[in-house]
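Only one structure is covered here, and it is reproduced in the block below.
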Amino acid sequence: VTGLVRINTPGYTICITPGLIHSVGDIARQTAPAHRYAIITDSNVAPLYAQQVATQFPTGTSHTFVVPAGETHKNRETWASLTDQLFASHFTRDSTIIALGGGVIGDLAGFVAATFMRGIPFIQVPTTLLAMIDASIGGKTGVDTLSGKNLVGAFHPPAAVTIDPEVLETLELSHWRGGLAEAVKHGAIADEEYFLSLDETDSRLLRPSIERRDRAFRDQLIVRSVQIKSDVVARDEREQGVRKVLNFGHTIGHAVELLSGFTLSHGEAVAIGMVLESTAAERLGVAEPGTTARIINLVQRIGLPTIRPGGPSADALLDIMRGDKKARGGAIEYAVPAKIGTMAGAESGYAVRLDDTTVRAVLA
Ligand SMILES: NC(=O)c1ccc[n+]([C@@H]2O[C@H](COP(=O)([O-])OP(=O)(O)OC[C@H]3O[C@@H](n4cnc5c(N)ncnc54)[C@H](O)[C@@H]3O)[C@@H](O)[C@H]2O)c1
Ligand SMILES: [Zn+2]
């Protein structure tokens, strides 16, 4: 990958290039011109990048709002507090929000944008691998509730997505791994060759020393994942059919994440979810034999967990899964591969039902 990569979706452009953090102001002015810009970020990202972004706006035209970092703050209380702070700072309809952070900030700031005075534009400036390759694309915004993840939200596509891979230099390796869980998902659902290439992440990317990380490999990985995610979304923005494939690992994953009290990160929970969902699919003959073993191998190589933490019972997990947005008429739906690179259930709109007894046994 050399220079700027632009990926056009029906509603907006995703730009990927090293150093792009310095062009957020220009991109915002071009794609979502406003009188004032609200930069929403978290307490870890603020000291690293907020100033760099704020100085790209003339004095008095931007204001930075910082929320405490972490999934436990992706809730209605933080949404309400941010909304009130915008009013208190005299933000009006002719404002644009800049979501500067990981997936938590993208979902949260995006939902503030979706609801503020019935909706104002926002720009995604993802700063984690997970947000760059997955969360910032596709227009899903929202917050968690005690009953489940992302249960309150809105479809509100961003005006632009600006991805600067260089900001990943400050990201902890554990969060790199979390992002790679979504990359494994992209390979498993759509591209076997890409899945195979991820075998090299531990030698090329997951190195403590920044100098020893392979930048070309990093950028290629980001571009390929963004292509897969944006292609799927473009075919089915509202998740009536094919977009469901992006939920692979997430039916069980979201329940595991929630019931861990968010001690597991989203990526870790998705890794476990992919392994368990694939196991059930393989037992039921939906997935080709050997599919799960390949997923376990790759997930372990990346350094992600494959076994769910003890504690919650299988029934407690199934209860949460029945309350998920992916359940229909009380039946839990899954997105699972038929084999690596190909999803099952094309004939049923990519929603696959797996028998509860088998899933309970897999969860036990
Ligand atoms: N909307 C979607 O389609 C979608 C898709 C996938 C995931 N998600 C959501 O995304 C969230 C997970 O996102 P995440 O993994 O990015 O979590 P996160 O936003 O909590 O970020 C992880 C950690 O990294 C820190 N951080 C962020 N950027 C950094 C940087 N450049 N340098 C150093 N530290 C940095 C954050 O402060 C945080 O502590 C979940 O809430 C999940 O539900 C949404
Ligand atoms: Zn996810």
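The chains in the structure tokens are called A, B, ... from first to last as shown; in each chain the residues are counted from 1, and the ligands are counted from 1 in the order shown.
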List as JSON, numbers by chain the protein and nucleic acid residues lying within 10 Å of ligand 2, with only C-alpha atoms and all ligand atoms counted.
{"A": [103, 130, 131, 133, 134, 135, 178, 179, 181, 182, 183, 185, 246, 247, 248, 249, 250, 253, 254, 266, 267, 268, 269, 270, 271]}
Those of stretch 52-197 of chain A in DSSP strand (DSSP E), formatted as a CSV table (one decimal) with N, CA and C atoms, in the first residue's frame:
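result-v3.csv, written as the output of this step:
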```csv
chain,number,residue,atom,x,y,z
A,62,SER,N,-13.7,24.8,17.8
A,62,SER,CA,-13.8,23.5,18.3
A,62,SER,C,-13.8,23.4,19.8
A,63,HIS,N,-14.3,22.3,20.3
A,63,HIS,CA,-14.4,22.1,21.8
A,63,HIS,C,-14.2,20.6,22.0
A,64,THR,N,-13.3,20.2,22.9
A,64,THR,CA,-13.0,18.8,23.2
A,64,THR,C,-13.8,18.3,24.4
A,65,PHE,N,-14.4,17.2,24.3
A,65,PHE,CA,-15.2,16.6,25.4
A,65,PHE,C,-14.5,15.2,25.7
A,66,VAL,N,-14.1,15.0,26.9
A,66,VAL,CA,-13.4,13.8,27.3
A,66,VAL,C,-14.3,12.9,28.2
A,67,VAL,N,-14.5,11.7,27.8
A,67,VAL,CA,-15.2,10.7,28.7
A,67,VAL,C,-14.2,9.7,29.2
A,95,SER,N,-23.5,21.9,13.8
A,95,SER,CA,-22.3,21.4,14.4
A,95,SER,C,-22.0,20.1,13.8
A,96,THR,N,-20.7,19.7,13.9
A,96,THR,CA,-20.3,18.3,13.5
A,96,THR,C,-19.5,17.7,14.7
A,97,ILE,N,-19.7,16.4,14.9
A,97,ILE,CA,-19.0,15.7,15.9
A,97,ILE,C,-17.8,15.0,15.3
A,98,ILE,N,-16.7,15.0,15.9
A,98,ILE,CA,-15.5,14.2,15.5
A,98,ILE,C,-15.3,13.1,16.6
A,99,ALA,N,-15.5,11.9,16.2
A,99,ALA,CA,-15.4,10.8,17.1
A,99,ALA,C,-13.9,10.3,17.1
A,100,LEU,N,-13.1,10.7,18.1
A,100,LEU,CA,-11.7,10.4,18.1
A,100,LEU,C,-11.4,9.3,19.1
A,101,GLY,N,-11.3,8.1,18.7
A,101,GLY,CA,-11.0,7.0,19.7
A,101,GLY,C,-11.3,5.6,19.2
A,122,PHE,N,-21.3,13.4,11.7
A,122,PHE,CA,-20.1,13.1,12.5
A,122,PHE,C,-19.0,12.4,11.6
A,123,ILE,N,-17.8,12.6,12.0
A,123,ILE,CA,-16.7,12.0,11.3
A,123,ILE,C,-16.0,10.9,12.2
A,124,GLN,N,-15.7,9.8,11.7
A,124,GLN,CA,-15.1,8.7,12.5
A,124,GLN,C,-13.6,8.9,12.3
A,125,VAL,N,-12.9,9.0,13.4
A,125,VAL,CA,-11.4,9.0,13.4
A,125,VAL,C,-11.0,7.9,14.4
A,126,PRO,N,-11.0,6.7,13.9
A,126,PRO,CA,-10.7,5.5,14.7
A,126,PRO,C,-9.3,5.5,15.1
A,140,LYS,N,-23.4,1.8,12.3
A,140,LYS,CA,-24.1,1.4,13.5
A,140,LYS,C,-23.6,2.2,14.7
A,141,THR,N,-24.5,2.8,15.5
A,141,THR,CA,-24.1,3.5,16.6
A,141,THR,C,-24.9,3.1,17.8
A,142,GLY,N,-24.5,3.3,19.0
A,142,GLY,CA,-25.3,2.9,20.1
A,142,GLY,C,-24.6,2.7,21.4
A,143,VAL,N,-25.4,2.3,22.4
A,143,VAL,CA,-24.8,2.1,23.8
A,143,VAL,C,-25.3,0.8,24.4
A,144,ASP,N,-24.7,0.3,25.4
A,144,ASP,CA,-25.0,-0.9,26.1
A,144,ASP,C,-26.1,-0.6,27.2
A,145,THR,N,-26.9,-1.6,27.5
A,145,THR,CA,-27.8,-1.5,28.7
A,145,THR,C,-27.5,-2.8,29.6
A,148,GLY,N,-28.0,-6.0,27.7
A,148,GLY,CA,-27.2,-6.5,26.7
A,148,GLY,C,-26.4,-5.4,26.0
A,149,LYS,N,-25.6,-5.8,25.1
A,149,LYS,CA,-24.7,-4.9,24.4
A,149,LYS,C,-25.5,-4.2,23.2
A,150,ASN,N,-25.2,-2.9,23.0
A,150,ASN,CA,-25.7,-2.2,21.8
A,150,ASN,C,-27.2,-2.3,21.7
A,151,LEU,N,-27.9,-2.4,22.8
A,151,LEU,CA,-29.4,-2.6,22.6
A,151,LEU,C,-30.1,-1.3,22.3
A,152,VAL,N,-29.5,-0.2,22.6
A,152,VAL,CA,-30.1,1.1,22.3
A,152,VAL,C,-29.2,1.8,21.3
A,153,GLY,N,-29.7,2.2,20.1
A,153,GLY,CA,-28.9,2.8,19.2
A,153,GLY,C,-29.6,3.2,17.9
A,154,ALA,N,-28.8,3.6,16.9
A,154,ALA,CA,-29.4,4.1,15.6
A,154,ALA,C,-28.4,3.8,14.5
A,155,PHE,N,-29.0,3.6,13.3
A,155,PHE,CA,-28.1,3.6,12.1
A,155,PHE,C,-27.8,5.1,11.8
A,160,ALA,N,-17.6,10.8,7.0
A,160,ALA,CA,-16.3,10.3,6.5
A,160,ALA,C,-15.6,9.4,7.6
A,161,VAL,N,-14.7,8.5,7.1
A,161,VAL,CA,-13.9,7.8,8.0
A,161,VAL,C,-12.5,8.0,7.7
A,162,THR,N,-11.7,8.5,8.6
A,162,THR,CA,-10.3,8.8,8.3
A,162,THR,C,-9.4,7.9,9.2
A,163,ILE,N,-8.7,7.1,8.5
A,163,ILE,CA,-7.8,6.1,9.2
A,163,ILE,C,-6.4,6.4,9.0
```
If you count only C-alpha atoms, the residue of A:Arg177, A:Arg207, A:Arg360, A:His156 closest to A:Glu237 turns out to be A:His156
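We find atom CA of A:Thr17 and atom 33 (C, counted along the ligand's line) of ligand 1 to be spaced 18.2 Å apart.
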Write out as number ranges by chain each polymer residue whose atoms come within 7 Å of stretch 342-354 of chain A, counting only C-alpha atoms; drop sequence neighbours fewer than 4 positions from it.
A: 189-190, 241-242, 244-245, 281, 286, 332-338, 359
Using the selection just defined, write its residues with C-alpha atoms as an mmCIF file, in the first residue's frame.
```
data_model
loop_
_atom_site.group_PDB
_atom_site.id
_atom_site.type_symbol
_atom_site.label_atom_id
_atom_site.label_comp_id
_atom_site.auth_asym_id
_atom_site.auth_seq_id
_atom_site.Cartn_x
_atom_site.Cartn_y
_atom_site.Cartn_z
ATOM 1 C CA ILE A 189 -16.578 -15.089 6.507
ATOM 2 C CA ALA A 190 -15.236 -13.883 3.182
ATOM 3 C CA GLY A 241 -29.667 -10.350 4.982
ATOM 4 C CA VAL A 242 -26.014 -10.629 4.055
ATOM 5 C CA LYS A 244 -25.653 -10.724 9.256
ATOM 6 C CA VAL A 245 -22.468 -12.573 8.310
ATOM 7 C CA ALA A 281 -21.934 -25.514 13.680
ATOM 8 C CA VAL A 286 -23.401 -26.928 9.191
ATOM 9 C CA ILE A 332 -31.460 -17.486 18.629
ATOM 10 C CA GLU A 333 -29.844 -16.857 15.256
ATOM 11 C CA TYR A 334 -26.196 -17.302 14.407
ATOM 12 C CA ALA A 335 -23.875 -16.392 11.587
ATOM 13 C CA VAL A 336 -21.451 -19.248 11.000
ATOM 14 C CA PRO A 337 -19.055 -20.285 8.252
ATOM 15 C CA ALA A 338 -19.774 -23.347 6.113
ATOM 16 C CA VAL A 359 -25.179 -25.002 21.908
#
```
With a distance cut-off of 7 Å and only C-alpha atoms, select the neighbouring residues of A:Asp164, excluding the residue or stretch itself and same-chain residues fewer than 2 positions from it, and output the selection as a VMD selection string.
chain A and resid 16 to 21 162 166 to 167
Convert the current residue selection to file output with all heavy atoms, as a compact mmCIF listing (two decimals), in the first residue's frame.
```txt
# COMPACT_ATOMS: atom_id res chain seq x y z
N ILE A 16 -7.56 5.93 4.01
CA ILE A 16 -6.55 5.24 4.81
C ILE A 16 -5.17 5.71 4.36
O ILE A 16 -4.82 5.51 3.19
CB ILE A 16 -6.63 3.71 4.62
CG1 ILE A 16 -8.06 3.20 4.84
CG2 ILE A 16 -5.64 2.99 5.53
CD1 ILE A 16 -8.31 1.78 4.35
N THR A 17 -4.43 6.31 5.23
CA THR A 17 -3.03 6.63 4.91
C THR A 17 -2.28 7.07 6.16
O THR A 17 -2.85 7.73 7.03
CB THR A 17 -2.95 7.70 3.79
OG1 THR A 17 -1.67 7.65 3.20
CG2 THR A 17 -3.19 9.09 4.31
N PRO A 18 -1.01 6.68 6.26
CA PRO A 18 -0.23 7.12 7.41
C PRO A 18 -0.15 8.65 7.46
O PRO A 18 0.04 9.30 6.43
CB PRO A 18 1.16 6.51 7.15
CG PRO A 18 0.89 5.33 6.26
CD PRO A 18 -0.25 5.75 5.39
N GLY A 19 -0.33 9.20 8.63
CA GLY A 19 -0.24 10.66 8.80
C GLY A 19 -1.56 11.39 8.64
O GLY A 19 -1.63 12.61 8.79
N LEU A 20 -2.62 10.65 8.33
CA LEU A 20 -3.91 11.29 8.04
C LEU A 20 -4.51 12.05 9.22
O LEU A 20 -5.35 12.91 9.04
CB LEU A 20 -4.91 10.24 7.52
CG LEU A 20 -6.11 10.76 6.74
CD1 LEU A 20 -5.66 11.50 5.49
CD2 LEU A 20 -7.05 9.62 6.35
N ILE A 21 -4.03 11.76 10.42
CA ILE A 21 -4.56 12.46 11.61
C ILE A 21 -4.37 13.98 11.44
O ILE A 21 -5.14 14.76 11.97
CB ILE A 21 -3.86 11.94 12.90
CG1 ILE A 21 -4.55 12.50 14.16
CG2 ILE A 21 -2.39 12.27 12.96
CD1 ILE A 21 -5.46 11.54 14.83
N THR A 162 -11.70 8.52 8.62
CA THR A 162 -10.29 8.82 8.34
C THR A 162 -9.41 7.91 9.20
O THR A 162 -9.44 7.99 10.42
CB THR A 162 -9.95 10.29 8.64
OG1 THR A 162 -10.08 10.50 10.03
CG2 THR A 162 -10.88 11.24 7.92
N GLU A 166 -0.72 5.10 11.73
CA GLU A 166 0.39 5.47 12.61
C GLU A 166 -0.03 5.64 14.07
O GLU A 166 0.77 5.43 14.97
CB GLU A 166 1.02 6.79 12.15
CG GLU A 166 1.58 6.75 10.74
CD GLU A 166 3.00 6.22 10.70
OE1 GLU A 166 3.89 6.92 11.21
OE2 GLU A 166 3.20 5.11 10.16
N VAL A 167 -1.29 6.00 14.28
CA VAL A 167 -1.71 6.20 15.67
C VAL A 167 -1.75 4.89 16.45
O VAL A 167 -1.84 4.90 17.68
CB VAL A 167 -3.06 6.96 15.81
CG1 VAL A 167 -3.03 8.30 15.08
CG2 VAL A 167 -4.23 6.11 15.33
```
Quick one: of A:Gly290, A:Gly106, A:Gly273, A:Gly323, who's nearest to ligand 1, counting only C-alpha atoms and all ligand atoms?
A:Gly106
Closest to ligand 1 among A:Arg238, A:His90, A:Arg224, A:Arg29, using only C-alpha atoms and all ligand atoms?
A:Arg238
